[in-house]
>>> print(open('start32.cif').read())   # mmCIF, C-alpha atoms and all ligand atoms
data_query
loop_
_atom_site.label_atom_id
_atom_site.label_comp_id
_atom_site.auth_asym_id
_atom_site.auth_seq_id
_atom_site.Cartn_x
_atom_site.Cartn_y
_atom_site.Cartn_z
CA MET T 1061 104.94 83.43 126.36
CA GLU T 1062 104.84 82.35 130.00
CA SER T 1063 102.08 83.07 132.49
CA THR T 1064 99.36 85.65 132.01
CA GLY T 1065 100.92 87.93 134.60
CA THR T 1066 104.28 87.79 132.94
CA ILE T 1067 102.72 88.48 129.54
CA GLY T 1068 101.00 91.54 130.94
CA ARG T 1069 104.20 92.92 132.42
CA THR T 1070 106.29 92.17 129.36
CA ILE T 1071 103.80 93.84 127.06
CA THR T 1072 103.51 96.96 129.16
CA ARG T 1073 107.24 97.35 129.40
CA THR T 1074 107.95 96.74 125.75
CA ILE T 1075 105.12 98.86 124.45
CA PHE T 1076 106.35 101.83 126.47
CA ASN T 1077 109.64 101.30 124.65
CA MET T 1078 107.95 101.11 121.28
CA SER T 1079 107.85 104.85 120.62
CA ASP T 1080 110.04 104.49 117.53
CA TRP T 1081 107.39 102.21 116.02
CA SER T 1082 104.87 105.03 115.91
CA ASN T 1083 107.07 106.69 113.26
CA VAL T 1084 106.49 103.67 111.07
CA ARG T 1085 102.89 104.80 110.50
CA ALA T 1086 104.13 107.90 108.68
CA ASP T 1087 105.63 105.63 105.99
CA PHE T 1088 102.21 104.26 104.96
CA PRO T 1089 100.03 106.80 103.11
CA VAL T 1090 96.90 104.63 103.13
CA LEU T 1091 96.69 104.56 106.92
CA HIS T 1092 96.00 108.28 107.17
CA GLN T 1093 92.33 108.28 106.34
CA GLN T 1094 88.97 108.09 108.02
CA VAL T 1095 86.58 105.21 107.46
CA ASN T 1096 82.97 105.83 108.48
CA GLY T 1097 84.08 109.01 110.21
CA LYS T 1098 86.72 107.23 112.37
CA PRO T 1099 90.50 106.94 111.90
CA LEU T 1100 91.20 103.74 109.99
CA VAL T 1101 92.43 100.78 112.05
CA TYR T 1102 93.76 98.27 109.55
CA LEU T 1103 93.79 94.78 111.08
CA ASP T 1104 93.54 92.68 107.92
CA ASN T 1105 97.26 92.23 107.40
CA ALA T 1106 97.17 88.45 107.01
CA ALA T 1107 95.08 89.02 103.87
CA THR T 1108 97.34 91.75 102.53
CA ALA T 1109 99.72 94.27 104.05
CA GLN T 1110 99.81 97.99 103.30
CA LYS T 1111 102.61 99.51 101.23
CA PRO T 1112 105.20 101.99 102.48
CA ARG T 1113 106.07 105.10 100.44
CA ARG T 1114 109.40 103.51 99.50
CA VAL T 1115 107.66 100.65 97.68
CA ILE T 1116 105.15 102.93 95.95
CA ASP T 1117 108.02 105.23 94.86
CA ALA T 1118 109.94 102.27 93.42
CA LEU T 1119 106.94 101.39 91.24
CA VAL T 1120 106.39 104.95 90.06
CA ARG T 1121 110.10 105.53 89.41
CA TYR T 1122 110.31 102.38 87.31
CA TYR T 1123 107.34 103.36 85.14
CA GLU T 1124 108.44 107.00 84.87
CA GLN T 1125 112.09 106.36 84.09
CA ASP T 1126 112.99 102.81 83.10
CA ASN T 1127 109.97 100.98 81.72
CA SER T 1128 110.99 98.56 78.98
CA ASN T 1129 110.96 94.84 78.28
CA VAL T 1130 113.79 92.84 79.82
CA HIS T 1131 116.42 90.46 78.42
CA ARG T 1132 115.56 91.36 74.83
CA GLY T 1133 116.89 94.81 74.07
CA LEU T 1134 120.27 96.41 73.76
CA HIS T 1135 118.98 99.92 74.30
CA ALA T 1136 119.49 101.88 77.51
CA LEU T 1137 116.01 101.47 78.96
CA SER T 1138 115.92 97.74 78.34
CA MET T 1139 119.29 97.34 79.99
CA ARG T 1140 118.14 99.40 82.99
CA ALA T 1141 114.96 97.35 83.29
CA THR T 1142 116.98 94.11 83.04
CA ASP T 1143 119.42 95.31 85.69
CA GLY T 1144 116.52 96.28 87.94
CA TYR T 1145 114.76 92.96 87.47
CA GLU T 1146 117.87 90.81 87.97
CA GLY T 1147 118.95 93.04 90.85
CA ALA T 1148 115.57 92.35 92.46
CA ARG T 1149 116.18 88.63 92.10
CA ALA T 1150 119.55 88.96 93.84
CA ARG T 1151 117.95 91.09 96.58
CA VAL T 1152 115.25 88.51 97.23
CA ALA T 1153 117.88 85.73 97.28
CA LYS T 1154 119.73 87.67 99.97
CA PHE T 1155 116.48 88.25 101.90
CA ILE T 1156 116.00 84.50 102.40
CA ASN T 1157 119.73 83.62 102.27
CA ALA T 1158 119.45 81.52 99.09
CA ALA T 1159 122.83 80.38 97.78
CA ASP T 1160 122.22 81.63 94.24
CA PRO T 1161 119.85 84.20 92.64
CA ALA T 1162 119.03 81.52 90.04
CA GLU T 1163 117.11 79.75 92.80
CA ILE T 1164 114.56 82.60 92.86
CA ILE T 1165 111.70 82.24 90.39
CA PHE T 1166 109.32 85.17 90.17
CA THR T 1167 105.68 84.11 90.13
CA ARG T 1168 102.30 85.77 90.75
CA GLY T 1169 102.32 84.72 94.40
CA THR T 1170 102.29 81.81 96.83
CA THR T 1171 99.44 80.06 95.04
CA GLU T 1172 101.21 80.01 91.69
CA SER T 1173 104.52 79.02 93.29
CA ILE T 1174 102.99 75.96 94.98
CA ASN T 1175 101.11 75.01 91.83
CA ILE T 1176 104.35 75.01 89.83
CA VAL T 1177 105.88 72.44 92.21
CA ALA T 1178 102.65 70.46 92.46
CA ARG T 1179 102.52 70.15 88.65
CA SER T 1180 106.16 70.01 87.52
CA TRP T 1181 107.75 68.10 90.36
CA SER T 1182 104.81 65.79 90.96
CA GLN T 1183 104.47 64.84 87.30
CA ALA T 1184 108.08 63.71 87.19
CA HIS T 1185 108.33 62.04 90.59
CA LEU T 1186 105.00 60.78 91.94
CA LYS T 1187 103.58 57.33 91.21
CA PRO T 1188 100.91 55.08 92.73
CA GLY T 1189 101.96 53.93 96.21
CA ASP T 1190 103.80 57.17 96.97
CA VAL T 1191 102.57 59.44 99.73
CA VAL T 1192 102.31 63.22 99.76
CA LEU T 1193 102.14 64.52 103.31
CA THR T 1194 100.66 67.85 104.31
CA THR T 1195 98.88 69.11 107.43
CA GLU T 1196 95.34 69.80 108.57
CA MET T 1197 96.06 73.51 109.00
CA GLU T 1198 96.93 74.34 105.39
CA HIS T 1199 95.46 77.20 103.40
CA HIS T 1200 93.63 75.87 100.32
CA SER T 1201 96.62 77.03 98.26
CA ASN T 1202 98.80 74.42 99.93
CA LEU T 1203 96.14 71.73 99.93
CA VAL T 1204 94.12 71.67 96.71
CA PRO T 1205 97.24 71.56 94.44
CA TRP T 1206 98.39 68.42 96.35
CA GLN T 1207 94.95 66.86 96.05
CA GLN T 1208 95.21 67.42 92.30
CA ALA T 1209 98.77 66.08 92.13
CA ALA T 1210 97.76 62.96 94.09
CA LYS T 1211 94.78 62.39 91.81
CA ALA T 1212 96.87 62.79 88.67
CA SER T 1213 99.66 60.46 89.84
CA GLY T 1214 97.81 57.85 91.90
CA ALA T 1215 99.74 58.90 95.03
CA THR T 1216 97.99 59.10 98.41
CA LEU T 1217 97.57 62.37 100.28
CA LYS T 1218 97.89 62.23 104.07
CA TYR T 1219 97.55 64.90 106.74
CA VAL T 1220 99.40 65.60 109.97
CA PRO T 1221 96.58 66.23 112.48
CA VAL T 1222 96.17 69.36 114.58
CA LEU T 1223 95.64 68.90 118.30
CA GLY T 1224 93.00 70.35 120.62
CA ASP T 1225 89.39 71.52 120.34
CA ASN T 1226 90.63 74.97 119.33
CA ALA T 1227 93.74 73.62 117.58
CA GLU T 1228 95.68 75.09 120.47
CA GLY T 1229 98.06 72.12 120.50
CA GLY T 1230 99.43 72.80 117.01
CA LEU T 1231 100.61 69.95 114.83
CA ASP T 1232 100.70 66.47 116.30
CA LEU T 1233 104.44 65.92 115.99
CA ALA T 1234 104.18 62.49 117.63
CA ALA T 1235 101.99 61.40 114.68
CA LEU T 1236 104.94 62.15 112.40
CA ASP T 1237 106.63 59.03 113.73
CA THR T 1238 104.06 56.90 111.93
CA LEU T 1239 103.17 59.27 109.08
CA LEU T 1240 106.65 60.16 107.89
CA THR T 1241 107.71 56.90 106.28
CA PRO T 1242 110.00 56.34 103.27
CA ALA T 1243 106.82 56.20 101.13
CA VAL T 1244 106.49 59.96 101.68
CA LYS T 1245 108.03 61.63 98.65
CA LEU T 1246 107.02 65.19 99.49
CA PHE T 1247 106.04 67.00 102.69
CA ALA T 1248 104.31 70.38 102.25
CA PHE T 1249 103.53 72.50 105.29
CA THR T 1250 102.90 76.06 106.30
CA HIS T 1251 105.34 78.05 108.38
CA VAL T 1252 102.59 80.10 110.04
CA SER T 1253 98.87 79.31 110.02
CA ASN T 1254 96.75 82.14 108.60
CA THR T 1255 93.79 81.11 110.77
CA LEU T 1256 95.34 79.90 114.02
CA GLY T 1257 98.47 82.00 114.36
CA THR T 1258 100.47 78.81 115.03
CA VAL T 1259 104.17 79.08 114.20
CA ASN T 1260 105.34 75.63 113.14
CA SER T 1261 108.83 74.31 113.94
CA VAL T 1262 109.78 74.29 110.30
CA ASP T 1263 113.39 73.42 111.01
CA GLU T 1264 112.32 70.23 112.79
CA LEU T 1265 109.81 69.39 110.04
CA CYS T 1266 112.50 69.82 107.37
CA ARG T 1267 114.99 67.74 109.35
CA ARG T 1268 112.56 64.89 109.86
CA ALA T 1269 111.48 64.95 106.20
CA ARG T 1270 115.11 64.82 105.08
CA ALA T 1271 115.67 61.77 107.30
CA VAL T 1272 113.21 59.78 105.14
CA GLY T 1273 114.35 61.35 101.86
CA ALA T 1274 111.19 63.45 101.33
CA ILE T 1275 111.25 66.77 99.47
CA THR T 1276 110.02 69.71 101.56
CA VAL T 1277 107.78 72.58 100.44
CA ILE T 1278 107.27 75.44 102.88
CA ASP T 1279 104.35 77.83 102.52
CA ALA T 1280 105.91 81.02 103.87
CA ALA T 1281 103.01 83.33 102.91
CA GLN T 1282 102.36 84.31 106.54
CA SER T 1283 105.94 84.32 107.79
CA ILE T 1284 108.02 85.97 105.10
CA GLY T 1285 107.30 89.57 106.11
CA HIS T 1286 107.13 88.88 109.82
CA MET T 1287 110.27 87.04 110.92
CA PRO T 1288 113.78 86.14 109.79
CA LEU T 1289 113.85 83.31 107.28
CA ASP T 1290 116.95 81.45 106.09
CA VAL T 1291 116.39 78.72 103.51
CA ARG T 1292 119.90 77.34 103.85
CA ALA T 1293 119.67 77.05 107.63
CA LEU T 1294 116.30 75.32 107.22
CA GLY T 1295 117.55 73.06 104.45
CA CYS T 1296 114.17 73.19 102.70
CA ASP T 1297 113.83 72.20 99.05
CA PHE T 1298 111.11 74.63 97.95
CA LEU T 1299 109.61 77.70 99.62
CA ALA T 1300 106.76 79.89 98.39
CA PHE T 1301 105.63 83.39 99.29
CA SER T 1302 103.71 86.45 98.08
CA GLY T 1303 105.00 90.00 97.80
CA HIS T 1304 101.74 91.60 98.89
CA LYS T 1305 101.87 90.15 102.41
CA MET T 1306 105.31 91.68 103.05
CA CYS T 1307 104.68 95.32 102.06
CA GLY T 1308 105.30 94.60 98.37
CA PRO T 1309 102.87 94.80 95.45
CA THR T 1310 100.18 92.31 94.50
CA GLY T 1311 100.85 90.14 91.46
CA ILE T 1312 104.42 89.22 92.41
CA GLY T 1313 105.63 86.29 94.46
CA VAL T 1314 108.49 83.87 94.69
CA LEU T 1315 109.20 80.21 94.35
CA TYR T 1316 112.55 79.35 95.88
CA GLY T 1317 113.92 75.98 94.79
CA ARG T 1318 117.27 74.33 95.35
CA ARG T 1319 119.27 74.76 92.16
CA GLU T 1320 119.94 71.07 91.51
CA LEU T 1321 116.21 70.33 91.79
CA LEU T 1322 115.14 73.21 89.54
CA ASP T 1323 117.57 72.35 86.76
CA LYS T 1324 116.21 68.81 86.60
CA LEU T 1325 112.60 69.96 86.53
CA ALA T 1326 110.60 70.34 83.32
CA PRO T 1327 109.04 73.78 82.78
CA ASP T 1328 105.46 74.31 83.83
CA GLU T 1329 104.66 76.91 81.20
CA THR T 1330 106.38 77.32 77.86
CA GLY T 1331 106.79 80.23 75.44
CA GLY T 1332 109.16 83.14 74.89
CA GLY T 1333 112.11 83.88 77.13
CA MET T 1334 112.58 80.37 78.52
CA VAL T 1335 113.97 78.60 75.46
CA VAL T 1336 117.50 78.23 74.12
CA GLN T 1337 116.59 77.06 70.65
CA VAL T 1338 113.33 76.43 68.86
CA ASN T 1339 112.71 74.72 65.53
CA TYR T 1340 109.51 73.40 64.02
CA GLU T 1341 110.09 70.06 65.68
CA GLY T 1342 110.71 71.16 69.24
CA ALA T 1343 112.61 73.34 71.69
CA THR T 1344 115.28 73.24 74.38
CA TRP T 1345 115.03 74.99 77.74
CA LYS T 1346 117.20 77.52 79.48
CA PRO T 1347 118.25 76.65 83.02
CA ALA T 1348 116.45 78.05 86.07
CA PRO T 1349 115.20 80.66 86.68
CA GLU T 1350 114.35 81.55 83.04
CA ARG T 1351 113.03 78.02 82.44
CA PHE T 1352 110.13 78.82 84.77
CA GLU T 1353 109.46 82.38 83.63
CA ALA T 1354 107.85 82.14 80.19
CA GLY T 1355 106.70 85.42 78.67
CA THR T 1356 107.28 89.00 79.75
CA PRO T 1357 107.84 88.98 83.50
CA ASN T 1358 106.37 91.33 86.09
CA VAL T 1359 109.37 93.67 86.09
CA ALA T 1360 107.92 96.64 87.98
CA ASP T 1361 106.50 94.59 90.83
CA ALA T 1362 109.71 92.56 91.21
CA ILE T 1363 111.66 95.82 91.58
CA ALA T 1364 109.14 97.09 94.13
CA LEU T 1365 109.38 93.76 95.99
CA ALA T 1366 113.11 94.36 96.36
CA ALA T 1367 112.25 97.77 97.85
CA ALA T 1368 109.96 95.98 100.33
CA CYS T 1369 112.89 93.70 101.32
CA ASP T 1370 115.00 96.82 101.96
CA TYR T 1371 112.21 98.37 104.01
CA LEU T 1372 111.67 95.30 106.21
CA ASP T 1373 115.38 94.75 106.74
CA ALA T 1374 115.78 98.41 107.75
CA LEU T 1375 113.12 97.86 110.43
CA GLY T 1376 114.69 94.53 111.39
CA ARG T 1377 112.81 91.26 111.08
CA GLU T 1378 113.62 90.12 114.63
CA LYS T 1379 112.07 93.34 115.87
CA ILE T 1380 109.05 92.96 113.60
CA ALA T 1381 108.45 89.45 114.96
CA ALA T 1382 108.65 90.69 118.55
CA HIS T 1383 106.36 93.65 117.82
CA ASP T 1384 103.70 91.54 116.09
CA ALA T 1385 103.81 88.84 118.77
CA GLU T 1386 103.41 91.43 121.53
CA LEU T 1387 100.39 92.96 119.86
CA ALA T 1388 98.88 89.53 119.33
CA ALA T 1389 99.47 88.58 122.96
CA LEU T 1390 97.89 91.84 124.10
CA ALA T 1391 94.89 91.29 121.81
CA TYR T 1392 94.56 87.69 123.02
CA GLU T 1393 94.45 88.82 126.65
CA LYS T 1394 91.92 91.60 126.00
CA LEU T 1395 89.65 89.45 123.85
CA ARG T 1396 89.79 86.54 126.28
CA ALA T 1397 87.87 88.68 128.74
CA LEU T 1398 84.89 89.02 126.37
CA PRO T 1399 81.85 86.88 127.27
CA GLY T 1400 81.23 83.84 125.09
CA ILE T 1401 84.35 84.24 122.98
CA ARG T 1402 86.13 81.20 121.57
CA LEU T 1403 89.76 81.88 120.69
CA LEU T 1404 91.56 79.62 118.25
CA GLY T 1405 95.18 78.54 118.11
CA PRO T 1406 97.98 78.57 120.64
CA THR T 1407 97.36 79.89 124.14
CA GLY T 1408 101.02 80.94 124.35
CA ALA T 1409 103.47 82.13 121.70
CA ARG T 1410 101.72 82.96 118.45
CA SER T 1411 102.26 84.94 115.28
CA GLY T 1412 100.70 88.38 114.85
CA LEU T 1413 97.07 87.36 114.57
CA VAL T 1414 94.09 86.41 116.68
CA SER T 1415 91.16 84.40 115.35
CA PHE T 1416 87.93 84.07 117.31
CA ALA T 1417 84.25 83.17 117.21
CA PHE T 1418 81.18 84.10 119.22
CA ALA T 1419 78.48 81.49 119.70
CA ASP T 1420 75.64 83.87 118.83
CA VAL T 1421 77.17 86.46 116.51
CA HIS T 1422 78.19 85.58 112.96
CA ALA T 1423 81.68 86.61 111.88
CA HIS T 1424 80.24 88.68 109.03
CA ASP T 1425 78.19 90.71 111.53
CA VAL T 1426 81.31 91.28 113.60
CA VAL T 1427 83.22 92.50 110.55
CA THR T 1428 80.36 94.77 109.47
CA PHE T 1429 80.01 96.33 112.93
CA ALA T 1430 83.76 96.80 113.27
CA ASP T 1431 83.81 98.51 109.88
CA GLU T 1432 81.33 101.06 111.24
CA ASP T 1433 84.01 101.82 113.84
CA GLY T 1434 86.66 102.23 111.12
CA ILE T 1435 88.24 98.85 111.88
CA ALA T 1436 89.18 96.46 109.06
CA LEU T 1437 88.87 92.79 110.10
CA ARG T 1438 88.26 89.60 108.13
CA GLY T 1439 85.49 87.09 108.71
CA GLY T 1440 85.00 83.76 107.01
CA HIS T 1441 86.76 80.44 106.58
CA HIS T 1442 90.04 82.12 105.56
CA CYS T 1443 90.53 79.44 102.86
CA ASN T 1444 90.78 76.76 105.58
CA GLN T 1445 87.46 74.97 105.04
CA PRO T 1446 88.60 71.48 106.13
CA LEU T 1447 90.16 72.88 109.32
CA MET T 1448 87.02 74.90 110.10
CA ARG T 1449 84.91 71.80 109.64
CA LYS T 1450 87.18 69.81 111.95
CA LEU T 1451 86.82 72.52 114.62
CA GLY T 1452 83.04 72.59 114.15
CA LEU T 1453 83.02 76.15 112.88
CA ALA T 1454 81.68 77.78 109.73
CA SER T 1455 83.78 80.89 110.14
CA THR T 1456 85.89 83.00 112.47
CA THR T 1457 86.74 86.66 112.75
CA ARG T 1458 90.41 87.44 112.43
CA ALA T 1459 92.43 90.45 113.53
CA SER T 1460 95.95 90.42 112.14
CA PHE T 1461 98.73 92.85 113.00
CA TYR T 1462 101.75 94.39 111.36
CA VAL T 1463 104.49 96.91 111.87
CA TYR T 1464 102.21 99.98 111.90
CA ASN T 1465 99.63 98.69 114.39
CA THR T 1466 99.60 100.01 117.94
CA PRO T 1467 98.27 99.02 121.38
CA ASP T 1468 95.70 101.86 121.08
CA GLU T 1469 94.26 100.13 118.04
CA ILE T 1470 93.81 96.96 120.06
CA ASP T 1471 91.89 98.98 122.65
CA ARG T 1472 89.66 100.23 119.83
CA LEU T 1473 89.15 96.67 118.64
CA ALA T 1474 88.17 95.49 122.13
CA ALA T 1475 85.78 98.44 122.56
CA SER T 1476 84.17 97.75 119.19
CA LEU T 1477 83.69 94.07 120.05
CA GLN T 1478 82.05 95.08 123.33
CA ARG T 1479 79.64 97.32 121.38
CA ILE T 1480 78.82 94.42 119.05
CA LEU T 1481 78.16 92.03 121.92
CA LYS T 1482 75.92 94.59 123.62
CA PHE T 1483 73.93 95.03 120.41
CA PHE T 1484 73.42 91.30 120.09
CA GLY T 1485 72.54 90.99 123.78
CA GLY T 1486 75.68 89.08 124.70
CA ALA T 1487 77.02 91.57 127.28
N1 LIG T 1501 99.19 80.31 102.12
C1 LIG T 1501 98.83 80.97 103.24
C2 LIG T 1501 99.26 80.45 104.58
C3 LIG T 1501 98.07 82.14 103.13
O1 LIG T 1501 97.71 82.79 104.24
C4 LIG T 1501 97.68 82.59 101.85
C5 LIG T 1501 96.79 83.77 101.67
C6 LIG T 1501 98.11 81.88 100.73
C7 LIG T 1501 98.85 80.72 100.91
C8 LIG T 1501 97.79 82.32 99.34
O2 LIG T 1501 98.49 83.49 99.03
P1 LIG T 1501 98.21 84.25 97.65
O3 LIG T 1501 98.99 85.52 97.78
O4 LIG T 1501 98.69 83.38 96.57
O5 LIG T 1501 96.73 84.47 97.61
N2 LIG T 1501 95.99 84.06 102.78
C9 LIG T 1501 94.94 84.93 102.82
C10 LIG T 1501 94.21 85.14 103.98
O6 LIG T 1501 94.44 84.61 105.06
N3 LIG T 1501 93.23 86.03 103.73
O7 LIG T 1501 93.31 86.39 102.43
C11 LIG T 1501 94.38 85.71 101.86
#
>>> encode(input="start32.cif", output="C-alpha cells")
Amino acid sequence: MESTGTIGRTITRTIFNMSDWSNVRADFPVLHQQVNGKPLVYLDNAATAQKPRRVIDALVRYYEQDNSNVHRGLHALSMRATDGYEGARARVAKFINAADPAEIIFTRGTTESINIVARSWSQAHLKPGDVVLTTEMEHHSNLVPWQQAAKASGATLKYVPVLGDNAEGGLDLAALDTLLTPAVKLFAFTHVSNTLGTVNSVDELCRRARAVGAITVIDAAQSIGHMPLDVRALGCDFLAFSGHKMCGPTGIGVLYGRRELLDKLAPDETGGGMVVQVNYEGATWKPAPERFEAGTPNVADAIALAAACDYLDALGREKIAAHDAELAALAYEKLRALPGIRLLGPTGARSGLVSFAFADVHAHDVVTFADEDGIALRGGHHCNQPLMRKLGLASTTRASFYVYNTPDEIDRLAASLQRILKFFGGA
C-alpha cells in the first residue's frame, strides 16, 4: 500500500467494483441474524471463519448417505466413505499444490499438526548444541511445542526479533544473518501473524533456511484461506493449517510434509489403521499418510474441508486476498482517526485484520460494547503472550475480515468504537 491518499482512492474504486462480493453473504446462513437487536457484523474471522451452505451440505450429505468407517469394509457405504475421504486428501493436495496426496496428513488442526513435527521429527533429529529457530510473533501453537522439543532434546530455542514499538517493522531479516547458522536444524515461522496482520516473506525465509540445511515448518493457520499457497514453489518441508479458519469445519486440519521426510519419520501415535503387521512382540508401520493417522479418522470433516477448498477456489484466492487487504486498509485508516488509539503491525500492506489498543479502555470492555452493537470482535492476548509483553501490552482488540465482510460493516465498527470512547470519556 502506498501513501494514504492513494490507499483512499484505491479502496473507493475497488469497493465500488465489489458488488459481486455482496452475493457472497447469501452463502453463509449464520450471518443472517440479529445480535442484541442489530444485524450481526462478524469480525472474528481470525479466530474462526463462518461456513458456507456448500460446506454444511457436504457434512449433512455424508452423514445422511455415506456414513461408514473407512479403509476397513468392502461394503458399498464403506467404499463410498473411503473414496470421499481419499478424494478429500487429493483435493487438499491440489489446493496447496503438493506433489502427492500422501503428503497430506489429516489432523485436528494447526496445533496438532505442529505438535506432530515437534515430537516426531525433533525426537529423531535434535541433540544438545542444535538450534531451533522461530520468531517473536508466533502463536503459542508454534512456540510452546518448540520449547518442549528443545527441553526434551537439549537443543536451544532462538527467536527472530520483531522490529518497532508496534511491531510495525515485521521480522528483523537482517538478524537472520547471524541467527541462521548451520547449527539451526529447524526454522518454524508463521506465514501471517494473527495479532499483527504481518505477512511474512515465507519464500525468502524458506530459501535462507535451505541455504544452511535447516528444515522449515510454516504455520499457515492465518494464510491458508486468504491467499494462494503453493508448497512446491515455497520449497517448505512442513506446513500446518486448520480447516475452521478457511470456511471448513472445526476438528479437521492438515499437516503437509515432504514425502521423503514423512516416510523416514516414526509415528507420533500408534494403534489401528497405521500398521502393516502386528504380533505380540511388535509392529511395522504403513507409509505416510496412514502412518500418522492412527484410529478412525475424521471422515466427515475431511470431506467438508474439500468442499471448502472448492468454495474458496471458486471465489478465487487472489481475489480474496485483495478483498481482505482492502477492508483491512480501510479499517486501518478509519481507526487511525480515533483519539488515543494504538494500532499494531504494519502501516502499509497487511493481511485482513487490524489489532489495536486504547490507553484507557480495556480490550474486554471494547468487545463487550461492540457486542451490544451486534459486532463480534476479539479482545485478549490472542495466544501471543510473549509478543504482548514485548510490546508492553496486556491485550489488544482485534477486528478480522473475510470474504463476506463489507465496507458498511467497517463503518459500523468505527461508529461503535466512537460510542465506546465517548462512554469512557475519551472523545
Ligand atoms: N497459528 C496461528 C497463527 C493461529 O492464528 C492459530 C489460531 C493457531 C496457530 C492455532 O490454530 P488451531 O486451529 O489449532 O487452534 N488462532 C486463533 C486466534 O487468533 N484466535 O483464536 C484462535
>>> residues_near_ligand(input="start32.cif", ligand="ligand LIG 1501 (chain T)", cutoff="9 Å", atoms="only C-alpha atoms and all ligand atoms", output="PyMOL selection string")
chain T and resi 1104-1108+1168-1174+1197-1202+1250-1255+1279-1283+1300-1305+1310-1313+1438+1441-1444+1458
>>> closest_residue(input="start32.cif", among="T:Phe1088, T:Tyr1392, T:Trp1081, T:Phe1429", to="Leu1256 of chain T", atoms="only C-alpha atoms")
T:Tyr1392
>>> axis_aligned_box(input="start32.cif", around="segment 1259-1265 of chain T", padding_each_side="4 Å", output="AutoDock Vina command-line options")
--center_x 108.8 --center_y 74.2 --center_z 112.1 --size_x 17.2 --size_y 17.7 --size_z 12.2
>>> closest_atom_pairs(input="start32.cif", of="segment 1287-1337 of chain T", to="segment 1345-1361 of chain T", cutoff="7 Å", atoms="all atoms listed in the file", output="tab-separated table")
residue	atom	partner	partner_atom	distance
T:Pro1309	CA	T:Asp1361	CA	5.9
T:Ile1312	CA	T:Asp1361	CA	6.0
T:Leu1322	CA	T:Ala1348	CA	6.1
T:Asp1323	CA	T:Pro1347	CA	5.7
T:Pro1327	CA	T:Phe1352	CA	5.5
T:Asp1328	CA	T:Phe1352	CA	6.6
T:Glu1329	CA	T:Ala1354	CA	6.2
T:Thr1330	CA	T:Ala1354	CA	5.6
T:Gly1331	CA	T:Ala1354	CA	5.2
T:Gly1332	CA	T:Gly1355	CA	5.1
T:Gly1333	CA	T:Ala1354	CA	5.5
T:Met1334	CA	T:Arg1351	CA	4.6
T:Val1335	CA	T:Trp1345	CA	4.4
T:Val1336	CA	T:Lys1346	CA	5.4
>>> closest_residue(input="start32.cif", among="T:Lys1394, T:Pro1288, T:Ile1470, T:Gly1439", to="Ala1382 of chain T", atoms="all atoms listed in the file")
T:Pro1288
>>> closest_residue(input="start32.cif", among="T:Arg1270, T:Lys1245, T:Arg1410, T:Lys1379", to="Thr1216 of chain T", atoms="all atoms listed in the file")
T:Lys1245
>>> residues_around(input="start32.cif", residues="Leu1103 of chain T", least_positions_apart="6", cutoff="9 Å", atoms="all atoms listed in the file", output="PyMOL selection string")
chain T and resi 1413+1435-1438+1458-1462+1465+1469
>>> atom_distance(input="start32.cif", atom1="atom CA of Thr1457 of chain T", atom2="atom CA of Phe1483 of chain T")
17.1 Å
>>> residues_around(input="start32.cif", residues="Thr1195 of chain T", least_positions_apart="3", cutoff="7 Å", atoms="all atoms listed in the file", output="number ranges by chain")
T: 1198, 1219-1221, 1249
>>> residues_around(input="start32.cif", residues="Ala1366 of chain T", least_positions_apart="2", cutoff="12 Å", atoms="all atoms listed in the file", output="MDAnalysis selection string")
chainID T and resid 1114:1116 1118:1119 1144:1156 1166 1303:1304 1306:1309 1312:1314 1359:1364 1368:1373
>>> closest_residue(input="start32.cif", among="T:Gln1110, T:Gln1183, T:Ala1235, T:Gln1094", to="Ser1213 of chain T", atoms="only C-alpha atoms")
T:Gln1183
>>> atom_distance(input="start32.cif", atom1="atom CA of Val1291 of chain T", atom2="atom CA of Glu1386 of chain T")
25.6 Å
>>> atom_distance(input="start32.cif", atom1="atom CA of Val1191 of chain T", atom2="atom CA of Lys1218 of chain T")
7.0 Å
>>> closest_residue(input="start32.cif", among="T:Ser1082, T:Ser1182, T:Thr1276, T:Ser1415", to="Gly1317 of chain T", atoms="only C-alpha atoms")
T:Thr1276
>>> residues_around(input="start32.cif", residues="segment 1397-1408 of chain T", least_positions_apart="4", cutoff="9 Å", atoms="only C-alpha atoms", output="PyMOL selection string")
chain T and resi 1061-1063+1224-1230+1253+1255-1259+1389+1392-1393+1414-1420+1456+1474+1477-1478+1481+1486-1487
>>> closest_residue(input="start32.cif", among="T:Leu1473, T:Cys1266, T:Ile1380, T:Leu1447", to="Val1427 of chain T", atoms="all atoms listed in the file")
T:Leu1473
>>> build_atoms(input="start32.cif", residues="segment 1439-1446 of chain T", atoms="N, CA and C atoms", output="PDB file, keeping the file's coordinate frame")
ATOM      1  N   GLY T1439      86.330  88.163 108.171  1.00  0.00           N
ATOM      2  CA  GLY T1439      85.490  87.090 108.710  1.00  0.00           C
ATOM      3  C   GLY T1439      85.225  86.070 107.631  1.00  0.00           C
ATOM      4  N   GLY T1440      85.273  84.799 108.002  1.00  0.00           N
ATOM      5  CA  GLY T1440      85.000  83.760 107.010  1.00  0.00           C
ATOM      6  C   GLY T1440      85.777  82.503 107.347  1.00  0.00           C
ATOM      7  N   HIS T1441      86.006  81.680 106.329  1.00  0.00           N
ATOM      8  CA  HIS T1441      86.760  80.440 106.580  1.00  0.00           C
ATOM      9  C   HIS T1441      88.237  80.610 106.289  1.00  0.00           C
ATOM     10  N   HIS T1442      88.632  81.787 105.798  1.00  0.00           N
ATOM     11  CA  HIS T1442      90.040  82.120 105.560  1.00  0.00           C
ATOM     12  C   HIS T1442      90.730  81.071 104.670  1.00  0.00           C
ATOM     13  N   CYS T1443      89.971  80.485 103.750  1.00  0.00           N
ATOM     14  CA  CYS T1443      90.530  79.440 102.860  1.00  0.00           C
ATOM     15  C   CYS T1443      91.106  78.274 103.671  1.00  0.00           C
ATOM     16  N   ASN T1444      90.411  77.917 104.755  1.00  0.00           N
ATOM     17  CA  ASN T1444      90.780  76.760 105.580  1.00  0.00           C
ATOM     18  C   ASN T1444      89.533  75.927 105.836  1.00  0.00           C
ATOM     19  N   GLN T1445      88.751  75.647 104.819  1.00  0.00           N
ATOM     20  CA  GLN T1445      87.460  74.970 105.040  1.00  0.00           C
ATOM     21  C   GLN T1445      87.592  73.646 105.786  1.00  0.00           C
ATOM     22  N   PRO T1446      88.541  72.751 105.412  1.00  0.00           N
ATOM     23  CA  PRO T1446      88.600  71.480 106.130  1.00  0.00           C
ATOM     24  C   PRO T1446      88.915  71.671 107.620  1.00  0.00           C
TER      25      PRO T1446
END
